[in-house]
>>> print(open('my_file-v5.cif').read())   # mmCIF, C-alpha atoms
data_work
loop_
_atom_site.group_PDB
_atom_site.id
_atom_site.type_symbol
_atom_site.label_atom_id
_atom_site.label_comp_id
_atom_site.auth_asym_id
_atom_site.auth_seq_id
_atom_site.Cartn_x
_atom_site.Cartn_y
_atom_site.Cartn_z
ATOM 1 C CA MET C 272 -151.932 -4.173 15.361
ATOM 2 C CA THR C 273 -155.613 -4.101 14.544
ATOM 3 C CA THR C 274 -156.250 -0.350 14.458
ATOM 4 C CA ASP C 275 -154.247 2.779 13.732
ATOM 5 C CA SER C 276 -154.794 3.887 17.333
ATOM 6 C CA TYR C 277 -152.110 1.416 18.475
ATOM 7 C CA LEU C 278 -149.329 3.338 16.678
ATOM 8 C CA PRO C 279 -148.237 5.467 19.680
ATOM 9 C CA GLY C 280 -147.941 2.333 21.823
ATOM 10 C CA ILE C 281 -145.949 0.514 19.151
ATOM 11 C CA LEU C 282 -143.540 3.443 18.864
ATOM 12 C CA VAL C 283 -143.041 3.582 22.643
ATOM 13 C CA LEU C 284 -142.637 -0.196 22.875
ATOM 14 C CA ASN C 285 -140.038 -0.142 20.094
ATOM 15 C CA ASP C 286 -138.103 2.691 21.754
ATOM 16 C CA SER C 287 -138.244 0.950 25.138
ATOM 17 C CA LEU C 288 -136.835 -2.284 23.650
ATOM 18 C CA LYS C 289 -134.001 -0.298 22.096
ATOM 19 C CA SER C 290 -133.338 1.623 25.316
ATOM 20 C CA VAL C 291 -132.841 -1.587 27.333
ATOM 21 C CA GLY C 292 -130.431 -2.936 24.722
ATOM 22 C CA SER C 293 -132.545 -5.785 23.360
ATOM 23 C CA LYS C 294 -130.751 -7.641 20.597
ATOM 24 C CA PHE C 295 -134.088 -8.746 19.147
ATOM 25 C CA PRO C 296 -136.090 -6.393 16.931
ATOM 26 C CA LEU C 297 -139.765 -5.686 17.344
ATOM 27 C CA ASP C 298 -141.802 -7.338 14.585
ATOM 28 C CA VAL C 299 -145.387 -6.124 14.318
ATOM 29 C CA LEU C 300 -148.233 -8.077 12.755
ATOM 30 C CA LEU C 301 -150.839 -5.835 11.134
ATOM 31 C CA THR C 302 -154.397 -6.484 10.048
ATOM 32 C CA PRO C 303 -155.185 -5.364 6.473
ATOM 33 C CA ASN C 304 -157.134 -2.266 7.570
ATOM 34 C CA ILE C 305 -154.052 -0.392 8.831
ATOM 35 C CA SER C 306 -153.598 2.929 7.028
ATOM 36 C CA SER C 307 -150.714 4.002 4.825
ATOM 37 C CA HIS C 308 -149.963 6.724 7.411
ATOM 38 C CA VAL C 309 -149.202 4.037 10.006
ATOM 39 C CA LEU C 310 -147.194 1.981 7.509
ATOM 40 C CA ASP C 311 -145.121 5.086 6.737
ATOM 41 C CA ALA C 312 -144.502 5.683 10.457
ATOM 42 C CA LEU C 313 -143.404 2.077 10.979
ATOM 43 C CA ASN C 314 -141.046 2.308 8.007
ATOM 44 C CA LYS C 315 -139.665 5.659 9.195
ATOM 45 C CA ASN C 316 -138.881 4.087 12.570
ATOM 46 C CA SER C 317 -137.394 0.931 10.990
ATOM 47 C CA ILE C 318 -139.986 -1.276 12.649
ATOM 48 C CA ILE C 319 -140.338 -4.650 10.952
ATOM 49 C CA HIS C 320 -143.953 -5.387 10.121
ATOM 50 C CA HIS C 321 -146.045 -7.909 8.239
ATOM 51 C CA VAL C 322 -149.582 -7.446 7.002
ATOM 52 C CA LEU C 323 -151.748 -10.472 7.703
ATOM 53 C CA PRO C 324 -153.736 -11.769 4.726
ATOM 54 C CA SER C 325 -156.950 -11.274 6.701
ATOM 55 C CA GLU C 326 -158.284 -10.773 10.199
ATOM 56 C CA ILE C 327 -159.212 -13.817 12.267
ATOM 57 C CA HIS C 328 -162.977 -13.719 12.680
ATOM 58 C CA ASN C 329 -164.256 -13.262 16.218
ATOM 59 C CA PRO C 330 -166.751 -16.093 16.843
ATOM 60 C CA THR C 331 -168.387 -14.383 19.828
ATOM 61 C CA ASN C 332 -171.374 -12.063 19.853
ATOM 62 C CA VAL C 333 -169.213 -9.023 20.678
ATOM 63 C CA SER C 334 -170.212 -5.990 18.632
ATOM 64 C CA THR C 335 -167.854 -5.103 15.774
ATOM 65 C CA ASP C 336 -167.500 -1.688 17.437
ATOM 66 C CA HIS C 337 -166.262 -3.170 20.720
ATOM 67 C CA ARG C 338 -162.538 -2.825 21.409
ATOM 68 C CA TRP C 339 -162.234 -6.584 21.983
ATOM 69 C CA PHE C 340 -163.752 -7.522 18.619
ATOM 70 C CA PRO C 341 -160.456 -7.849 16.676
ATOM 71 C CA THR C 342 -158.506 -9.633 19.429
ATOM 72 C CA TYR C 343 -158.678 -13.037 17.760
ATOM 73 C CA SER C 344 -156.241 -11.732 15.139
ATOM 74 C CA LYS C 345 -153.550 -12.023 17.813
ATOM 75 C CA LEU C 346 -153.691 -15.755 17.256
ATOM 76 C CA ALA C 347 -151.902 -15.194 13.937
ATOM 77 C CA ILE C 348 -148.632 -15.320 15.881
ATOM 78 C CA PHE C 349 -148.958 -19.098 15.792
ATOM 79 C CA ASN C 350 -148.691 -19.005 11.980
ATOM 80 C CA GLN C 351 -145.299 -17.272 12.074
ATOM 81 C CA THR C 352 -143.262 -20.390 11.402
ATOM 82 C CA GLN C 353 -140.326 -18.457 9.961
ATOM 83 C CA TYR C 354 -139.130 -17.819 13.528
ATOM 84 C CA GLN C 355 -137.504 -20.235 15.965
ATOM 85 C CA LYS C 356 -138.912 -18.331 18.945
ATOM 86 C CA ILE C 357 -141.528 -15.640 19.474
ATOM 87 C CA VAL C 358 -142.042 -13.565 22.595
ATOM 88 C CA TYR C 359 -145.463 -11.939 22.495
ATOM 89 C CA LEU C 360 -145.820 -8.371 23.746
ATOM 90 C CA ASP C 361 -148.972 -6.248 23.718
ATOM 91 C CA ALA C 362 -148.695 -2.880 22.010
ATOM 92 C CA ASP C 363 -149.401 -1.009 25.244
ATOM 93 C CA MET C 364 -146.368 -2.351 27.091
ATOM 94 C CA LEU C 365 -143.288 -0.463 28.217
ATOM 95 C CA VAL C 366 -140.151 -2.567 28.711
ATOM 96 C CA LEU C 367 -138.136 -1.308 31.693
ATOM 97 C CA ARG C 368 -135.374 -3.923 31.705
ATOM 98 C CA ASN C 369 -133.923 -6.256 29.117
ATOM 99 C CA ILE C 370 -136.126 -9.303 28.537
ATOM 100 C CA ASP C 371 -133.912 -11.116 26.008
ATOM 101 C CA GLU C 372 -133.681 -14.130 28.338
ATOM 102 C CA LEU C 373 -137.262 -14.969 27.354
ATOM 103 C CA PHE C 374 -135.888 -16.116 24.004
ATOM 104 C CA GLU C 375 -133.863 -18.794 25.798
ATOM 105 C CA TYR C 376 -136.853 -20.504 27.425
ATOM 106 C CA PRO C 377 -137.842 -23.826 25.856
ATOM 107 C CA HIS C 378 -141.504 -23.011 25.277
ATOM 108 C CA MET C 379 -143.816 -20.143 24.458
ATOM 109 C CA SER C 380 -143.068 -16.877 26.172
ATOM 110 C CA ALA C 381 -145.158 -13.842 26.919
ATOM 111 C CA VAL C 382 -145.003 -11.086 29.459
ATOM 112 C CA THR C 383 -147.520 -9.859 31.953
ATOM 113 C CA ASP C 384 -148.770 -6.314 32.214
ATOM 114 C CA GLY C 385 -147.381 -5.737 35.676
ATOM 115 C CA GLY C 386 -149.121 -8.555 37.508
ATOM 116 C CA ILE C 387 -145.823 -9.814 38.922
ATOM 117 C CA LEU C 388 -144.727 -6.482 40.312
ATOM 118 C CA PRO C 389 -143.956 -6.837 44.042
ATOM 119 C CA ARG C 390 -146.799 -4.513 44.990
ATOM 120 C CA LYS C 391 -149.281 -6.730 43.099
ATOM 121 C CA LYS C 392 -147.952 -10.121 44.150
ATOM 122 C CA GLY C 393 -150.665 -12.415 45.429
ATOM 123 C CA ARG C 394 -153.557 -10.327 44.133
ATOM 124 C CA LYS C 395 -156.199 -11.942 41.995
ATOM 125 C CA TYR C 396 -157.695 -10.045 39.071
ATOM 126 C CA ARG C 397 -160.979 -10.301 37.287
ATOM 127 C CA HIS C 398 -161.023 -10.401 33.483
ATOM 128 C CA ASP C 399 -161.478 -6.615 33.439
ATOM 129 C CA GLY C 400 -158.279 -6.042 35.452
ATOM 130 C CA GLN C 401 -159.974 -4.979 38.685
ATOM 131 C CA ASN C 402 -158.947 -6.488 42.008
ATOM 132 C CA TRP C 403 -161.218 -9.123 43.486
#
>>> encode(input="my_file-v5.cif", output="structure tokens")
Amino acid sequence: MTTDSYLPGILVLNDSLKSVGSKFPLDVLLTPNISSHVLDALNKNSIIHHVLPSEIHNPTNVSTDHRWFPTYSKLAIFNQTQYQKIVYLDADMLVLRNIDELFEYPHMSAVTDGGILPRKKGRKYRHDGQNW
């Protein structure tokens, strides 16, 4: 979580994981700029969270105001060696069925944002999400 604006998505994601009966808790990594208001909300909702020591610098020429600027901080998941397995989820995802089986796969796991839905099967997407 790189900005406070992700809080609503985190709350929905957490509730959706609970509603599908996931036995694995959501654990949120936060950059140091997250406000005490957000920390209070995470605590109130019993969401495990860890504040990263610092953001991972974006080496590109993207403006610091651009929404993609802090995305390199996502790479901090690879420093989380206290876990045997991590399944990465973006904060804007809604889980509609239990995905616990992803923890049984032998390698890294992540989920797509709907790209494997039957109605999207076979489509190719540009980096901005638009159909080619």
>>> atom_distance(input="my_file-v5.cif", atom1="CA of Ile305 in chain C", atom2="CA of Thr273 in chain C")
7.0 Å
>>> atom_distance(input="my_file-v5.cif", atom1="CA of Asn314 in chain C", atom2="CA of Asp363 in chain C")
19.4 Å
>>> atom_distance(input="my_file-v5.cif", atom1="CA of Arg368 in chain C", atom2="CA of Ser287 in chain C")
8.7 Å
>>> residues_near_point(input="my_file-v5.cif", point="(-157.7, -8.8, 15.1)", cutoff="9 Å", atoms="only C-alpha atoms", output="ChimeraX atom specification")
/C:272-274,301-302,325-329,339-347
>>> residues_around(input="my_file-v5.cif", residues="Leu297 in chain C", least_positions_apart="5", cutoff="8 Å", atoms="only C-alpha atoms", output="PyMOL selection string")
chain C and resi 285+288+318-319
>>> residues_around(input="my_file-v5.cif", residues="Pro296 in chain C", least_positions_apart="4", cutoff="12 Å", atoms="only C-alpha atoms", output="number ranges by chain")
C: 284-292, 316-320, 357-358, 370-371
>>> closest_residue(input="my_file-v5.cif", among="C:Met379, C:Lys356, C:Met364, C:Asp275", to="Ser306 in chain C", atoms="only C-alpha atoms")
C:Asp275
>>> closest_residue(input="my_file-v5.cif", among="C:Gln355, C:Val322, C:Lys294, C:Ile281", to="Asn369 in chain C", atoms="only C-alpha atoms")
C:Lys294
>>> decode(input="my_file-v5.cif", residues="range 317-340 of chain C", atoms="N, CA and C atoms", output="PDB file, in the first residue's frame")
ATOM      1  N   SER C 317      -8.503  -5.696  12.056  1.00  0.00           N
ATOM      2  CA  SER C 317      -7.606  -6.838  12.326  1.00  0.00           C
ATOM      3  C   SER C 317      -6.848  -7.293  11.086  1.00  0.00           C
ATOM      4  N   ILE C 318      -6.401  -6.332  10.301  1.00  0.00           N
ATOM      5  CA  ILE C 318      -5.625  -6.628   9.104  1.00  0.00           C
ATOM      6  C   ILE C 318      -4.145  -6.546   9.467  1.00  0.00           C
ATOM      7  N   ILE C 319      -3.445  -7.653   9.273  1.00  0.00           N
ATOM      8  CA  ILE C 319      -2.009  -7.686   9.539  1.00  0.00           C
ATOM      9  C   ILE C 319      -1.316  -6.742   8.561  1.00  0.00           C
ATOM     10  N   HIS C 320      -0.378  -5.971   9.063  1.00  0.00           N
ATOM     11  CA  HIS C 320       0.352  -5.065   8.175  1.00  0.00           C
ATOM     12  C   HIS C 320       1.772  -4.839   8.694  1.00  0.00           C
ATOM     13  N   HIS C 321       2.638  -4.517   7.751  1.00  0.00           N
ATOM     14  CA  HIS C 321       4.042  -4.259   8.054  1.00  0.00           C
ATOM     15  C   HIS C 321       4.456  -3.008   7.292  1.00  0.00           C
ATOM     16  N   VAL C 322       5.100  -2.098   7.998  1.00  0.00           N
ATOM     17  CA  VAL C 322       5.604  -0.896   7.342  1.00  0.00           C
ATOM     18  C   VAL C 322       7.014  -1.196   6.831  1.00  0.00           C
ATOM     19  N   LEU C 323       7.203  -0.962   5.550  1.00  0.00           N
ATOM     20  CA  LEU C 323       8.520  -1.157   4.942  1.00  0.00           C
ATOM     21  C   LEU C 323       9.477  -0.086   5.466  1.00  0.00           C
ATOM     22  N   PRO C 324      10.758  -0.397   5.567  1.00  0.00           N
ATOM     23  CA  PRO C 324      11.704   0.609   6.059  1.00  0.00           C
ATOM     24  C   PRO C 324      11.809   1.823   5.131  1.00  0.00           C
ATOM     25  N   SER C 325      11.586   1.594   3.842  1.00  0.00           N
ATOM     26  CA  SER C 325      11.621   2.697   2.880  1.00  0.00           C
ATOM     27  C   SER C 325      10.951   2.233   1.595  1.00  0.00           C
ATOM     28  N   GLU C 326      10.639   3.202   0.739  1.00  0.00           N
ATOM     29  CA  GLU C 326      10.103   2.856  -0.576  1.00  0.00           C
ATOM     30  C   GLU C 326      11.247   2.377  -1.465  1.00  0.00           C
ATOM     31  N   ILE C 327      10.921   1.584  -2.471  1.00  0.00           N
ATOM     32  CA  ILE C 327      11.923   1.195  -3.463  1.00  0.00           C
ATOM     33  C   ILE C 327      11.878   2.249  -4.559  1.00  0.00           C
ATOM     34  N   HIS C 328      12.999   2.895  -4.767  1.00  0.00           N
ATOM     35  CA  HIS C 328      13.095   3.991  -5.735  1.00  0.00           C
ATOM     36  C   HIS C 328      12.729   3.530  -7.141  1.00  0.00           C
ATOM     37  N   ASN C 329      11.941   4.327  -7.817  1.00  0.00           N
ATOM     38  CA  ASN C 329      11.573   4.071  -9.205  1.00  0.00           C
ATOM     39  C   ASN C 329      12.680   4.619 -10.101  1.00  0.00           C
ATOM     40  N   PRO C 330      13.366   3.746 -10.848  1.00  0.00           N
ATOM     41  CA  PRO C 330      14.495   4.195 -11.668  1.00  0.00           C
ATOM     42  C   PRO C 330      14.102   4.824 -12.997  1.00  0.00           C
ATOM     43  N   THR C 331      12.808   4.879 -13.294  1.00  0.00           N
ATOM     44  CA  THR C 331      12.368   5.426 -14.578  1.00  0.00           C
ATOM     45  C   THR C 331      12.198   6.934 -14.484  1.00  0.00           C
ATOM     46  N   ASN C 332      11.857   7.546 -15.592  1.00  0.00           N
ATOM     47  CA  ASN C 332      11.651   8.992 -15.614  1.00  0.00           C
ATOM     48  C   ASN C 332      10.189   9.373 -15.384  1.00  0.00           C
ATOM     49  N   VAL C 333       9.414   8.470 -14.777  1.00  0.00           N
ATOM     50  CA  VAL C 333       8.013   8.766 -14.468  1.00  0.00           C
ATOM     51  C   VAL C 333       7.967   9.853 -13.397  1.00  0.00           C
ATOM     52  N   SER C 334       7.092  10.797 -13.575  1.00  0.00           N
ATOM     53  CA  SER C 334       6.930  11.886 -12.603  1.00  0.00           C
ATOM     54  C   SER C 334       6.537  11.331 -11.236  1.00  0.00           C
ATOM     55  N   THR C 335       7.005  11.958 -10.174  1.00  0.00           N
ATOM     56  CA  THR C 335       6.650  11.510  -8.822  1.00  0.00           C
ATOM     57  C   THR C 335       5.159  11.654  -8.556  1.00  0.00           C
ATOM     58  N   ASP C 336       4.468  12.441  -9.360  1.00  0.00           N
ATOM     59  CA  ASP C 336       3.017  12.600  -9.218  1.00  0.00           C
ATOM     60  C   ASP C 336       2.230  11.514  -9.944  1.00  0.00           C
ATOM     61  N   HIS C 337       2.876  10.780 -10.820  1.00  0.00           N
ATOM     62  CA  HIS C 337       2.195   9.760 -11.618  1.00  0.00           C
ATOM     63  C   HIS C 337       1.811   8.580 -10.739  1.00  0.00           C
ATOM     64  N   ARG C 338       0.659   7.992 -11.001  1.00  0.00           N
ATOM     65  CA  ARG C 338       0.171   6.883 -10.172  1.00  0.00           C
ATOM     66  C   ARG C 338       1.068   5.649 -10.224  1.00  0.00           C
ATOM     67  N   TRP C 339       1.889   5.514 -11.253  1.00  0.00           N
ATOM     68  CA  TRP C 339       2.786   4.369 -11.354  1.00  0.00           C
ATOM     69  C   TRP C 339       4.122   4.588 -10.643  1.00  0.00           C
ATOM     70  N   PHE C 340       4.379   5.817 -10.180  1.00  0.00           N
ATOM     71  CA  PHE C 340       5.682   6.102  -9.592  1.00  0.00           C
ATOM     72  C   PHE C 340       6.057   5.153  -8.447  1.00  0.00           C
TER      73      PHE C 340
END
